[in-house]
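Q: So here's upload_3.tsv, just TSV, C-alpha atoms and all ligand atoms:
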```tsv
chain	number	residue	atom	x	y	z
A	1	MET	CA	0.00	0.00	0.00
A	2	GLN	CA	1.16	3.54	-0.80
A	3	PRO	CA	1.61	5.34	2.54
A	4	TRP	CA	-0.92	8.10	3.13
A	5	SER	CA	-1.83	10.39	6.00
A	6	PHE	CA	-4.59	12.25	7.81
A	7	ILE	CA	-4.55	15.13	10.29
A	8	HIS	CA	-6.51	15.74	13.51
A	9	ILE	CA	-6.86	19.41	14.45
A	10	THR	CA	-9.11	20.70	17.24
A	11	ASP	CA	-10.01	23.73	19.35
A	12	ILE	CA	-9.02	26.28	16.74
A	13	HIS	CA	-11.52	28.82	18.20
A	14	VAL	CA	-11.51	31.15	15.21
A	15	GLY	CA	-13.25	34.40	16.19
A	16	SER	CA	-14.37	37.71	14.74
A	17	PRO	CA	-13.71	41.44	15.38
A	18	ARG	CA	-17.50	41.93	15.09
A	19	SER	CA	-17.90	40.10	18.42
A	20	PHE	CA	-18.01	41.32	22.03
A	21	ARG	CA	-14.63	39.57	22.34
A	22	TYR	CA	-11.87	38.74	19.92
A	23	ALA	CA	-8.44	37.09	20.18
A	24	PRO	CA	-6.65	37.82	16.88
A	25	ALA	CA	-3.79	35.60	18.06
A	26	TRP	CA	-6.03	32.54	17.77
A	27	ASN	CA	-7.02	33.49	14.21
A	28	GLU	CA	-3.36	34.02	13.34
A	29	ASN	CA	-2.47	30.62	14.84
A	30	TRP	CA	-5.14	29.12	12.60
A	31	GLN	CA	-3.45	30.79	9.60
A	32	SER	CA	-0.15	29.18	10.62
A	33	ALA	CA	-1.80	25.79	11.10
A	34	GLN	CA	-3.47	26.03	7.68
A	35	GLN	CA	-0.11	26.72	6.01
A	36	GLN	CA	1.54	23.82	7.84
A	37	MET	CA	-1.30	21.48	6.83
A	38	LEU	CA	-0.99	22.62	3.20
A	39	ASP	CA	2.73	21.75	3.37
A	40	ILE	CA	1.87	18.23	4.62
A	41	GLN	CA	-0.91	17.59	2.05
A	42	PRO	CA	-2.90	14.97	4.01
A	43	ASP	CA	-5.54	12.85	2.30
A	44	LEU	CA	-8.12	14.18	4.76
A	45	LEU	CA	-8.63	16.38	7.80
A	46	LEU	CA	-10.58	15.63	10.99
A	47	ILE	CA	-11.72	18.69	12.97
A	48	GLY	CA	-12.54	17.97	16.60
A	49	GLY	CA	-14.84	20.84	17.55
A	50	ASP	CA	-14.58	24.33	19.06
A	51	ILE	CA	-14.00	25.57	15.58
A	52	ALA	CA	-15.39	29.05	16.34
A	53	ARG	CA	-14.80	31.33	19.33
A	54	ASP	CA	-18.53	31.81	19.92
A	55	GLY	CA	-20.28	29.80	17.21
A	56	LEU	CA	-23.11	29.11	19.62
A	57	ILE	CA	-23.89	32.85	19.83
A	58	HIS	CA	-22.82	33.99	16.33
A	59	ARG	CA	-23.87	31.96	13.31
A	60	PHE	CA	-21.60	34.19	11.17
A	61	GLU	CA	-18.54	32.82	13.00
A	62	LEU	CA	-19.49	29.28	11.97
A	63	GLU	CA	-20.07	30.48	8.40
A	64	ASN	CA	-16.72	32.33	8.32
A	65	ILE	CA	-14.67	29.33	9.41
A	66	LYS	CA	-16.58	27.10	7.01
A	67	GLN	CA	-15.38	29.33	4.15
A	68	ASP	CA	-11.76	28.73	5.22
A	69	LEU	CA	-12.34	24.99	5.48
A	70	ASP	CA	-14.11	24.77	2.12
A	71	ALA	CA	-11.08	26.42	0.49
A	72	LEU	CA	-8.70	23.65	1.66
A	73	PRO	CA	-7.52	21.33	-1.14
A	74	PHE	CA	-8.37	18.17	0.85
A	75	PRO	CA	-11.68	16.92	2.30
A	76	TYR	CA	-12.54	17.63	5.93
A	77	HIS	CA	-14.97	16.15	8.46
A	78	VAL	CA	-16.11	18.12	11.46
A	79	ILE	CA	-17.86	17.56	14.79
A	80	PRO	CA	-19.13	20.35	17.08
A	81	GLY	CA	-17.49	21.47	20.33
A	82	ASN	CA	-19.05	23.09	23.36
A	83	MET	CA	-18.29	26.65	22.18
A	84	ASP	CA	-20.19	25.76	18.97
A	85	ILE	CA	-23.36	24.24	20.51
A	86	GLY	CA	-23.22	24.47	24.34
A	87	ASN	CA	-21.72	22.35	27.12
A	88	LYS	CA	-22.50	18.82	28.22
A	89	LYS	CA	-25.65	18.76	30.35
A	90	THR	CA	-25.69	19.32	34.09
A	91	GLN	CA	-28.46	19.99	36.59
A	92	VAL	CA	-26.02	21.35	39.17
A	93	ALA	CA	-23.90	24.52	38.94
A	94	GLY	CA	-20.16	24.42	39.51
A	95	PRO	CA	-18.20	26.63	41.91
A	96	ARG	CA	-17.06	28.99	39.16
A	97	ARG	CA	-20.07	29.64	36.94
A	98	ASP	CA	-23.77	28.97	36.30
A	99	ASP	CA	-23.13	25.75	34.38
A	100	VAL	CA	-26.83	24.90	34.02
A	101	SER	CA	-27.35	27.97	31.82
A	102	LEU	CA	-24.59	26.70	29.50
A	103	ASN	CA	-26.21	23.31	28.76
A	104	VAL	CA	-26.44	22.22	25.12
A	105	GLN	CA	-29.58	23.58	23.43
A	106	LEU	CA	-31.60	22.23	20.52
A	107	GLU	CA	-31.50	25.58	18.64
A	108	ALA	CA	-27.69	25.57	18.68
A	109	LEU	CA	-27.56	21.97	17.47
A	110	GLU	CA	-29.87	22.88	14.61
A	111	GLN	CA	-27.78	25.92	13.74
A	112	PHE	CA	-24.59	23.85	13.61
A	113	GLN	CA	-26.34	21.25	11.50
A	114	GLU	CA	-27.61	23.91	9.07
A	115	VAL	CA	-24.07	25.22	8.53
A	116	PHE	CA	-22.00	22.00	8.65
A	117	GLY	CA	-24.39	19.11	8.08
A	118	ALA	CA	-24.86	15.91	10.06
A	119	LEU	CA	-24.03	15.82	13.80
A	120	TRP	CA	-22.63	12.29	13.37
A	121	TRP	CA	-21.14	10.61	10.34
A	122	ARG	CA	-19.08	7.75	9.08
A	123	THR	CA	-16.70	7.75	6.16
A	124	GLU	CA	-14.29	5.20	4.76
A	125	HIS	CA	-10.98	6.18	3.21
A	126	ARG	CA	-8.54	3.54	1.89
A	127	ASN	CA	-8.24	0.99	4.74
A	128	ILE	CA	-9.69	3.14	7.56
A	129	ARG	CA	-13.23	3.77	8.80
A	130	PHE	CA	-13.64	7.19	10.43
A	131	SER	CA	-16.61	7.76	12.74
A	132	GLY	CA	-17.33	11.18	14.22
A	133	PHE	CA	-20.16	12.19	16.51
A	134	CYS	CA	-21.57	14.93	18.70
A	135	ASP	CA	-20.60	13.52	22.11
A	136	ILE	CA	-22.16	16.54	23.86
A	137	LEU	CA	-25.53	14.82	23.31
A	138	ILE	CA	-24.46	11.93	25.55
A	139	ASN	CA	-26.37	12.01	28.88
A	140	SER	CA	-28.28	15.11	27.62
A	141	GLY	CA	-31.72	13.47	27.55
A	142	LEU	CA	-32.53	15.42	24.36
A	143	PRO	CA	-34.55	13.39	21.81
A	144	LEU	CA	-31.55	13.51	19.46
A	145	GLU	CA	-29.53	11.51	22.00
A	146	GLN	CA	-31.60	8.40	21.31
A	147	ASP	CA	-31.06	8.84	17.56
A	148	LEU	CA	-27.33	9.05	18.22
A	149	TRP	CA	-27.35	5.83	20.29
A	150	ASP	CA	-29.34	4.05	17.58
A	151	TRP	CA	-26.67	5.06	15.07
A	152	MET	CA	-23.89	4.01	17.46
A	153	GLU	CA	-25.42	0.57	17.97
A	154	ALA	CA	-25.79	0.15	14.19
A	155	GLN	CA	-22.00	0.64	13.83
A	156	LYS	CA	-21.44	-2.62	15.68
A	157	VAL	CA	-22.84	-4.78	12.90
A	158	LEU	CA	-20.92	-3.21	10.01
A	159	PRO	CA	-18.25	-5.37	8.36
A	160	PRO	CA	-14.98	-4.10	9.88
A	161	GLU	CA	-12.36	-2.14	7.96
A	162	GLN	CA	-8.67	-2.74	8.63
A	163	HIS	CA	-8.64	0.23	11.06
A	164	HIS	CA	-11.28	2.30	12.86
A	165	VAL	CA	-10.71	5.85	14.09
A	166	TRP	CA	-13.32	7.60	16.28
A	167	LEU	CA	-13.60	11.39	16.72
A	168	MET	CA	-15.21	13.19	19.68
A	169	HIS	CA	-14.84	16.58	21.42
A	170	TYR	CA	-14.86	15.84	25.16
A	171	ALA	CA	-12.43	13.22	26.45
A	172	LEU	CA	-14.11	9.87	27.12
A	173	PHE	CA	-12.32	9.86	30.51
A	174	VAL	CA	-9.68	11.90	32.34
A	175	ASP	CA	-7.49	9.15	33.81
A	176	THR	CA	-9.22	5.79	33.28
A	177	PRO	CA	-12.50	4.55	31.75
A	178	GLU	CA	-13.49	3.19	35.18
A	179	GLU	CA	-13.13	6.46	37.11
A	180	PRO	CA	-16.20	7.60	39.05
A	181	ASN	CA	-18.08	10.73	37.96
A	182	PHE	CA	-16.23	13.80	39.20
A	183	ASP	CA	-18.02	16.25	41.47
A	184	ILE	CA	-18.94	19.41	39.55
A	185	ALA	CA	-19.59	21.28	42.81
A	186	SER	CA	-16.07	20.86	44.17
A	187	LYS	CA	-13.31	23.34	43.23
A	188	GLU	CA	-10.77	20.50	43.30
A	189	THR	CA	-12.61	18.31	40.79
A	190	TYR	CA	-14.52	20.88	38.71
A	191	HIS	CA	-12.09	20.71	35.78
A	192	ASP	CA	-12.03	16.91	35.84
A	193	TRP	CA	-15.82	17.08	35.62
A	194	TYR	CA	-15.69	19.73	32.88
A	195	PHE	CA	-13.34	17.89	30.52
A	196	GLY	CA	-14.70	14.32	30.47
A	197	ILE	CA	-17.87	12.32	29.78
A	198	ASP	CA	-19.99	11.20	32.75
A	199	GLU	CA	-21.53	7.84	33.47
A	200	PRO	CA	-23.74	6.19	32.39
A	201	GLY	CA	-22.90	7.37	28.86
A	202	ARG	CA	-19.14	6.86	29.29
A	203	SER	CA	-19.30	3.08	29.78
A	204	ARG	CA	-21.83	2.67	27.03
A	205	LEU	CA	-19.61	4.61	24.61
A	206	TYR	CA	-16.58	2.58	25.65
A	207	GLU	CA	-18.48	-0.63	24.86
A	208	VAL	CA	-19.33	0.78	21.42
A	209	PHE	CA	-15.66	1.59	20.78
A	210	LYS	CA	-14.60	-1.91	21.83
A	211	ASN	CA	-17.34	-3.56	19.77
A	212	THR	CA	-16.50	-1.58	16.63
A	213	GLN	CA	-12.80	-2.58	16.64
A	214	ALA	CA	-11.67	0.97	17.46
A	215	ASP	CA	-7.91	1.47	17.05
A	216	ILE	CA	-7.80	5.15	17.87
A	217	VAL	CA	-10.09	7.63	19.69
A	218	LEU	CA	-9.33	11.32	19.14
A	219	SER	CA	-10.65	14.09	21.39
A	220	GLY	CA	-10.08	17.79	22.09
A	221	HIS	CA	-11.62	20.25	24.58
A	222	ILE	CA	-8.78	20.03	27.12
A	223	HIS	CA	-6.19	21.91	25.03
A	224	CYS	CA	-3.45	19.68	26.45
A	225	ARG	CA	-1.99	16.72	24.61
A	226	LYS	CA	-1.97	13.40	26.44
A	227	TYR	CA	-1.73	9.79	25.30
A	228	GLN	CA	-3.41	6.82	27.00
A	229	GLN	CA	-4.01	3.22	25.94
A	230	THR	CA	-6.60	0.82	27.35
A	231	ASP	CA	-7.92	-2.48	25.99
A	232	GLY	CA	-5.72	-1.99	22.92
A	233	ILE	CA	-7.39	1.33	22.01
A	234	ARG	CA	-5.12	4.36	21.59
A	235	PHE	CA	-6.64	7.51	23.09
A	236	TYR	CA	-5.13	10.78	21.89
A	237	LYS	CA	-6.25	13.85	23.80
A	238	GLY	CA	-5.40	16.49	21.22
A	239	PRO	CA	-3.64	19.84	21.56
A	240	ALA	CA	-5.35	23.14	20.63
A	241	THR	CA	-4.05	25.63	18.10
A	242	SER	CA	-5.67	28.57	19.94
A	243	PHE	CA	-4.48	28.61	23.55
A	244	PRO	CA	-3.15	26.08	26.10
A	245	GLN	CA	-5.02	24.79	29.17
A	246	TRP	CA	-4.43	22.36	32.04
A	247	PRO	CA	-0.65	22.03	31.46
A	248	ASP	CA	-0.06	20.59	34.94
A	249	ARG	CA	-2.83	17.97	35.13
A	250	TRP	CA	-0.55	15.09	34.08
A	251	PRO	CA	3.24	14.80	34.40
A	252	ASP	CA	3.36	13.80	30.72
A	253	GLY	CA	0.70	16.26	29.50
A	254	ASP	CA	1.91	18.72	26.85
A	255	ALA	CA	-0.08	21.92	26.25
A	256	THR	CA	2.15	23.04	23.35
A	257	LEU	CA	-0.07	24.36	20.52
A	258	GLY	CA	-0.28	22.35	17.32
A	259	PHE	CA	-2.05	19.43	15.67
A	260	GLN	CA	-1.67	15.66	15.21
A	261	HIS	CA	-0.52	13.92	12.04
A	262	PHE	CA	-1.10	10.21	11.38
A	263	ASN	CA	0.88	8.30	8.75
A	264	VAL	CA	-0.74	5.13	7.50
A	265	THR	CA	1.50	2.35	6.18
A	266	ASP	CA	1.36	-1.44	5.94
A	267	ASP	CA	2.78	-1.48	9.46
A	268	GLY	CA	-0.12	0.49	10.95
A	269	ILE	CA	-0.89	4.08	11.95
A	270	GLU	CA	2.08	6.10	13.11
A	271	TYR	CA	1.67	9.27	15.20
A	272	THR	CA	3.48	12.60	14.94
A	273	PHE	CA	2.78	15.81	16.86
A	274	ILE	CA	3.19	18.92	14.72
A	275	PRO	CA	3.77	22.03	16.86
A	276	LEU	CA	2.75	25.39	15.40
A	277	ASN	CA	5.85	26.95	13.85
A	278	HIS	CA	4.64	30.41	14.88
A	279	VAL	CA	2.54	31.25	17.95
A	280	SER	CA	0.98	34.72	17.79
A	281	SER	CA	0.87	37.07	20.77
A	282	THR	CA	-1.34	39.76	19.16
A	283	LYS	CA	-3.61	41.27	21.81
A	284	GLY	CA	-7.39	41.43	21.48
A	285	TYR	CA	-10.28	42.50	23.71
A	286	GLY	CA	-13.18	41.22	25.78
A	287	PRO	CA	-13.75	38.70	28.57
A	288	GLY	CA	-12.78	35.02	28.68
A	289	GLY	CA	-14.89	32.14	29.97
A	290	HIS	CA	-18.62	31.90	29.36
A	291	PRO	CA	-20.05	35.44	29.81
A	292	GLN	CA	-23.83	35.78	30.27
A	293	PRO	CA	-25.73	37.91	27.71
A	294	GLU	CA	-25.67	41.04	29.91
A	295	GLU	CA	-21.87	40.76	30.13
A	296	ARG	CA	-21.38	40.92	26.36
A	297	ASP	CA	-20.41	44.47	25.34
A	298	TYR	CA	-20.55	44.82	21.56
A	299	GLY	CA	-19.43	48.44	21.99
A	300	LEU	CA	-15.90	46.99	22.23
A	301	ALA	CA	-16.04	45.48	18.72
A	302	TRP	CA	-13.27	46.56	16.36
A	303	GLU	CA	-15.65	46.14	13.41
A	304	LYS	CA	-19.20	47.44	13.70
B	1	FE	FE	-11.77	24.54	23.27
```
Now that the file is in, can you turn its structure into C-alpha cells?
Ligand SMILES: [Fe+2]

A:
Amino acid sequence: MQPWSFIHITDIHVGSPRSFRYAPAWNENWQSAQQQMLDIQPDLLLIGGDIARDGLIHRFELENIKQDLDALPFPYHVIPGNMDIGNKKTQVAGPRRDDVSLNVQLEALEQFQEVFGALWWRTEHRNIRFSGFCDILINSGLPLEQDLWDWMEAQKVLPPEQHHVWLMHYALFVDTPEEPNFDIASKETYHDWYFGIDEPGRSRLYEVFKNTQADIVLSGHIHCRKYQQTDGIRFYKGPATSFPQWPDRWPDGDATLGFQHFNVTDDGIEYTFIPLNHVSSTKGYGPGGHPQPEERDYGLAWEK
C-alpha cells in the first residue's frame, strides 16, 4: 500500500472582530496551522470541535470558518465542540459559573447542522473507517440523543475495515475509563468534571468503541496533549491551536499548541505531533470564559 496520511486538528476557536470579544492571536495561529497542513498535504482532515470562538452565539462565526475549510484542497470532516453548541448537560452549577445555563440547546444543534451538516457521520478512506459524533448529546436526555445511540449501535454490525478511528470533542475519561463521575460542585474536581464524559454514557460509549474494533479515539476540549491506551485502544487527547489549558494535570501532558498527524502504512498508523511553527501574541479584547448575555459588550467590537 502507498503510505498516506490524515490530520486531527481541534479547538481552533476562530473568532471575529465583530464580536463582544476577539483574540486575533487565535485566528493568526489558525493561519499558521493552515499553512503547515498545506505543506503536509494529508488525504483528509478531521476537525474535533470548538472551531469558532462563539459559534453558539454567532452563526456568522461558523459560516466564516466554514469558508476557510471549504477552500482547503483536501476533504474535511467536522464535529461540534461546546463553544459551537453548548456544554454537556448538568443539573447542578459548579463553583465557578452557572453551568446549568450553558447546557447544550436544541437551537444551537440545529444551527450547527444547518451550517455544517450531520451531527454524526461515518466515512471510509482507503483501509480506515472514520466515525465522528456529537458527544455533547451523551447524557443530555434530548430526543436527538436516542437517535445518536441508535446510530452508534448500528456501527457494531458493520463489516470491519482494517482500522477504525473515532472522533469526539470531550475526552471519554480523564485518567481511566473506570473512574467515578467527578463532582462538579467541588473546586478541586470541577475541571475533571468539565473535561470528560460522565456515566452512564461513558461506559456505554466505551463498549461501542470496543465492539467496533476501534484502534484510535481522538478528542479535544482540554487543550493539552496526552496519550493513554486501554484495551488496545489508543486515546489521543489532542492539543489546541488557539491557547493552552491544564498544562499541569498530568506529568506527561503537553499543552504546546499544534495538531496531530497520522501516517498510514502497511505497518499500521504512526503518530506525529506537529507544533505550530509560529505562535501569535497579538492582543485582542473582551472577557474570557462563558459570559452571560448582559456581560457581552458589543461596543468593544473593532468592526461594527
Ligand atoms: Fe476549546

Q: Find the residues near ligand FE 1 (chain B). Use a cut-off of 8 Å, count all atoms listed in the file, and write them as a PyMOL selection string.

A: chain A and resi 10-13+49-50+81-83+220-223+240

Q: Those same residues, written as a PDB file, keeping the file's coordinate frame with C-alpha atoms?

A:
```pdb
ATOM      1  CA  THR A  10      -9.110  20.700  17.240  1.00  0.00           C
ATOM      2  CA  ASP A  11     -10.010  23.730  19.350  1.00  0.00           C
ATOM      3  CA  ILE A  12      -9.020  26.280  16.740  1.00  0.00           C
ATOM      4  CA  HIS A  13     -11.520  28.820  18.200  1.00  0.00           C
ATOM      5  CA  GLY A  49     -14.840  20.840  17.550  1.00  0.00           C
ATOM      6  CA  ASP A  50     -14.580  24.330  19.060  1.00  0.00           C
ATOM      7  CA  GLY A  81     -17.490  21.470  20.330  1.00  0.00           C
ATOM      8  CA  ASN A  82     -19.050  23.090  23.360  1.00  0.00           C
ATOM      9  CA  MET A  83     -18.290  26.650  22.180  1.00  0.00           C
ATOM     10  CA  GLY A 220     -10.080  17.790  22.090  1.00  0.00           C
ATOM     11  CA  HIS A 221     -11.620  20.250  24.580  1.00  0.00           C
ATOM     12  CA  ILE A 222      -8.780  20.030  27.120  1.00  0.00           C
ATOM     13  CA  HIS A 223      -6.190  21.910  25.030  1.00  0.00           C
ATOM     14  CA  ALA A 240      -5.350  23.140  20.630  1.00  0.00           C
TER      15      ALA A 240
END
```

Q: Residues within 12 Å of Tyr194 (chain A), please, as a ChimeraX atom specification. Count all atoms listed in the file; anything in the same chain fewer than 6 positions from it doesn't count.

A: /A:82,87-90,93-97,99,102-103,136,169-174,181-188,221-222,246

Q: Between CA of Phe20 (chain A) and CA of Pro244 (chain A), measure the distance and give it in Å to one decimal.

A: 21.7 Å

Q: Compare A:Arg21, A:His77, A:Arg296, A:Arg122 by their minimum atom-to-atom distance to His164 (chain A), counting only C-alpha atoms, and give me the closest one.

A: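 Checking each of A:Arg21, A:His77, A:Arg296, A:Arg122 against His164 (chain A), counting only C-alpha atoms, the winner is A:Arg122.
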
Q: From the options A:Phe133, A:Phe235, A:Trp149, A:Tyr190, which residue's atoms come nearest to Pro177 (chain A), counting all atoms listed in the file?

A: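 Counting all atoms listed in the file, the residue closest to Pro177 (chain A) is A:Phe235.
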
Q: Of the candidates A:Gln292, A:Tyr206, A:Gln260, A:Ser19, which shows the shortest atom-to-atom distance to Ser101 (chain A), using only C-alpha atoms?

A: A:Gln292

Q: Looking at A:Gly86, A:Gly117, A:Gly55, A:Pro251, which one is nearest to Ser16 (chain A), with distances taken over all atoms listed in the file?

A: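 Between A:Gly86, A:Gly117, A:Gly55, A:Pro251, the residue approaching Ser16 (chain A) most closely is A:Gly55.
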
Q: How many Å separate CA of Leu276 (chain A) from CA of Asp215 (chain A)?

A: 26.2 Å

Q: Would you compute the distance between CA of Phe243 (chain A) and CA of Cys224 (chain A)? Give it in Å to one decimal.

A: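 It comes out at 9.4 Å.
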
Q: Could region 84-117 of chain A be completed with N, CA and C atoms and returned as a PDB file, keeping the file's coordinate frame?

A:
```pdb
ATOM      1  N   ASP A  84     -19.373  25.722  20.196  1.00  0.00           N
ATOM      2  CA  ASP A  84     -20.190  25.760  18.970  1.00  0.00           C
ATOM      3  C   ASP A  84     -21.662  25.470  19.251  1.00  0.00           C
ATOM      4  N   ILE A  85     -21.951  24.659  20.291  1.00  0.00           N
ATOM      5  CA  ILE A  85     -23.360  24.240  20.510  1.00  0.00           C
ATOM      6  C   ILE A  85     -23.789  24.245  21.979  1.00  0.00           C
ATOM      7  N   GLY A  86     -22.891  24.527  22.916  1.00  0.00           N
ATOM      8  CA  GLY A  86     -23.220  24.470  24.340  1.00  0.00           C
ATOM      9  C   GLY A  86     -22.517  23.297  25.014  1.00  0.00           C
ATOM     10  N   ASN A  87     -22.487  23.341  26.336  1.00  0.00           N
ATOM     11  CA  ASN A  87     -21.720  22.350  27.120  1.00  0.00           C
ATOM     12  C   ASN A  87     -22.508  21.072  27.343  1.00  0.00           C
ATOM     13  N   LYS A  88     -21.815  20.046  27.808  1.00  0.00           N
ATOM     14  CA  LYS A  88     -22.500  18.820  28.220  1.00  0.00           C
ATOM     15  C   LYS A  88     -23.474  19.164  29.359  1.00  0.00           C
ATOM     16  N   LYS A  89     -24.548  18.391  29.454  1.00  0.00           N
ATOM     17  CA  LYS A  89     -25.650  18.760  30.350  1.00  0.00           C
ATOM     18  C   LYS A  89     -25.314  18.535  31.832  1.00  0.00           C
ATOM     19  N   THR A  90     -25.732  19.500  32.642  1.00  0.00           N
ATOM     20  CA  THR A  90     -25.690  19.320  34.090  1.00  0.00           C
ATOM     21  C   THR A  90     -26.950  19.923  34.700  1.00  0.00           C
ATOM     22  N   GLN A  91     -27.345  19.398  35.862  1.00  0.00           N
ATOM     23  CA  GLN A  91     -28.460  19.990  36.590  1.00  0.00           C
ATOM     24  C   GLN A  91     -27.964  20.745  37.819  1.00  0.00           C
ATOM     25  N   VAL A  92     -26.640  20.735  37.995  1.00  0.00           N
ATOM     26  CA  VAL A  92     -26.020  21.350  39.170  1.00  0.00           C
ATOM     27  C   VAL A  92     -24.977  22.359  38.683  1.00  0.00           C
ATOM     28  N   ALA A  93     -24.908  23.526  39.316  1.00  0.00           N
ATOM     29  CA  ALA A  93     -23.900  24.520  38.940  1.00  0.00           C
ATOM     30  C   ALA A  93     -22.570  24.188  39.600  1.00  0.00           C
ATOM     31  N   GLY A  94     -21.490  24.585  38.934  1.00  0.00           N
ATOM     32  CA  GLY A  94     -20.160  24.420  39.510  1.00  0.00           C
ATOM     33  C   GLY A  94     -19.807  25.599  40.394  1.00  0.00           C
ATOM     34  N   PRO A  95     -18.608  25.560  41.000  1.00  0.00           N
ATOM     35  CA  PRO A  95     -18.200  26.630  41.910  1.00  0.00           C
ATOM     36  C   PRO A  95     -17.805  27.914  41.197  1.00  0.00           C
ATOM     37  N   ARG A  96     -17.605  27.841  39.876  1.00  0.00           N
ATOM     38  CA  ARG A  96     -17.060  28.990  39.160  1.00  0.00           C
ATOM     39  C   ARG A  96     -18.081  29.721  38.310  1.00  0.00           C
ATOM     40  N   ARG A  97     -19.151  29.028  37.897  1.00  0.00           N
ATOM     41  CA  ARG A  97     -20.070  29.640  36.940  1.00  0.00           C
ATOM     42  C   ARG A  97     -21.413  28.935  37.003  1.00  0.00           C
ATOM     43  N   ASP A  98     -22.426  29.552  36.345  1.00  0.00           N
ATOM     44  CA  ASP A  98     -23.770  28.970  36.300  1.00  0.00           C
ATOM     45  C   ASP A  98     -23.813  27.943  35.169  1.00  0.00           C
ATOM     46  N   ASP A  99     -23.259  26.757  35.438  1.00  0.00           N
ATOM     47  CA  ASP A  99     -23.130  25.750  34.380  1.00  0.00           C
ATOM     48  C   ASP A  99     -24.459  25.339  33.764  1.00  0.00           C
ATOM     49  N   VAL A 100     -25.532  25.361  34.554  1.00  0.00           N
ATOM     50  CA  VAL A 100     -26.830  24.900  34.020  1.00  0.00           C
ATOM     51  C   VAL A 100     -27.260  25.767  32.837  1.00  0.00           C
ATOM     52  N   SER A 101     -26.945  27.061  32.906  1.00  0.00           N
ATOM     53  CA  SER A 101     -27.350  27.970  31.820  1.00  0.00           C
ATOM     54  C   SER A 101     -26.529  27.727  30.553  1.00  0.00           C
ATOM     55  N   LEU A 102     -25.464  26.943  30.654  1.00  0.00           N
ATOM     56  CA  LEU A 102     -24.590  26.700  29.500  1.00  0.00           C
ATOM     57  C   LEU A 102     -24.881  25.363  28.815  1.00  0.00           C
ATOM     58  N   ASN A 103     -25.878  24.632  29.323  1.00  0.00           N
ATOM     59  CA  ASN A 103     -26.210  23.310  28.760  1.00  0.00           C
ATOM     60  C   ASN A 103     -26.506  23.391  27.264  1.00  0.00           C
ATOM     61  N   VAL A 104     -26.156  22.330  26.566  1.00  0.00           N
ATOM     62  CA  VAL A 104     -26.440  22.220  25.120  1.00  0.00           C
ATOM     63  C   VAL A 104     -27.930  22.460  24.859  1.00  0.00           C
ATOM     64  N   GLN A 105     -28.205  23.211  23.781  1.00  0.00           N
ATOM     65  CA  GLN A 105     -29.580  23.580  23.430  1.00  0.00           C
ATOM     66  C   GLN A 105     -29.898  23.090  22.021  1.00  0.00           C
ATOM     67  N   LEU A 106     -31.155  22.732  21.825  1.00  0.00           N
ATOM     68  CA  LEU A 106     -31.600  22.230  20.520  1.00  0.00           C
ATOM     69  C   LEU A 106     -31.358  23.248  19.398  1.00  0.00           C
ATOM     70  N   GLU A 107     -31.640  24.537  19.684  1.00  0.00           N
ATOM     71  CA  GLU A 107     -31.500  25.580  18.640  1.00  0.00           C
ATOM     72  C   GLU A 107     -30.051  25.626  18.132  1.00  0.00           C
ATOM     73  N   ALA A 108     -29.101  25.496  19.065  1.00  0.00           N
ATOM     74  CA  ALA A 108     -27.690  25.570  18.680  1.00  0.00           C
ATOM     75  C   ALA A 108     -27.284  24.339  17.866  1.00  0.00           C
ATOM     76  N   LEU A 109     -27.838  23.187  18.240  1.00  0.00           N
ATOM     77  CA  LEU A 109     -27.560  21.970  17.470  1.00  0.00           C
ATOM     78  C   LEU A 109     -28.084  22.116  16.048  1.00  0.00           C
ATOM     79  N   GLU A 110     -29.280  22.695  15.948  1.00  0.00           N
ATOM     80  CA  GLU A 110     -29.870  22.880  14.610  1.00  0.00           C
ATOM     81  C   GLU A 110     -29.060  23.872  13.790  1.00  0.00           C
ATOM     82  N   GLN A 111     -28.588  24.919  14.448  1.00  0.00           N
ATOM     83  CA  GLN A 111     -27.780  25.920  13.740  1.00  0.00           C
ATOM     84  C   GLN A 111     -26.499  25.285  13.202  1.00  0.00           C
ATOM     85  N   PHE A 112     -25.831  24.500  14.038  1.00  0.00           N
ATOM     86  CA  PHE A 112     -24.590  23.850  13.610  1.00  0.00           C
ATOM     87  C   PHE A 112     -24.851  22.923  12.424  1.00  0.00           C
ATOM     88  N   GLN A 113     -25.951  22.193  12.543  1.00  0.00           N
ATOM     89  CA  GLN A 113     -26.340  21.250  11.500  1.00  0.00           C
ATOM     90  C   GLN A 113     -26.631  21.981  10.174  1.00  0.00           C
ATOM     91  N   GLU A 114     -27.286  23.138  10.287  1.00  0.00           N
ATOM     92  CA  GLU A 114     -27.610  23.910   9.070  1.00  0.00           C
ATOM     93  C   GLU A 114     -26.340  24.363   8.368  1.00  0.00           C
ATOM     94  N   VAL A 115     -25.308  24.704   9.146  1.00  0.00           N
ATOM     95  CA  VAL A 115     -24.070  25.220   8.530  1.00  0.00           C
ATOM     96  C   VAL A 115     -23.174  24.056   8.078  1.00  0.00           C
ATOM     97  N   PHE A 116     -23.015  23.037   8.926  1.00  0.00           N
ATOM     98  CA  PHE A 116     -22.000  22.000   8.650  1.00  0.00           C
ATOM     99  C   PHE A 116     -22.551  20.622   8.293  1.00  0.00           C
ATOM    100  N   GLY A 117     -23.854  20.430   8.422  1.00  0.00           N
ATOM    101  CA  GLY A 117     -24.390  19.110   8.080  1.00  0.00           C
ATOM    102  C   GLY A 117     -24.489  18.209   9.292  1.00  0.00           C
TER     103      GLY A 117
END
```
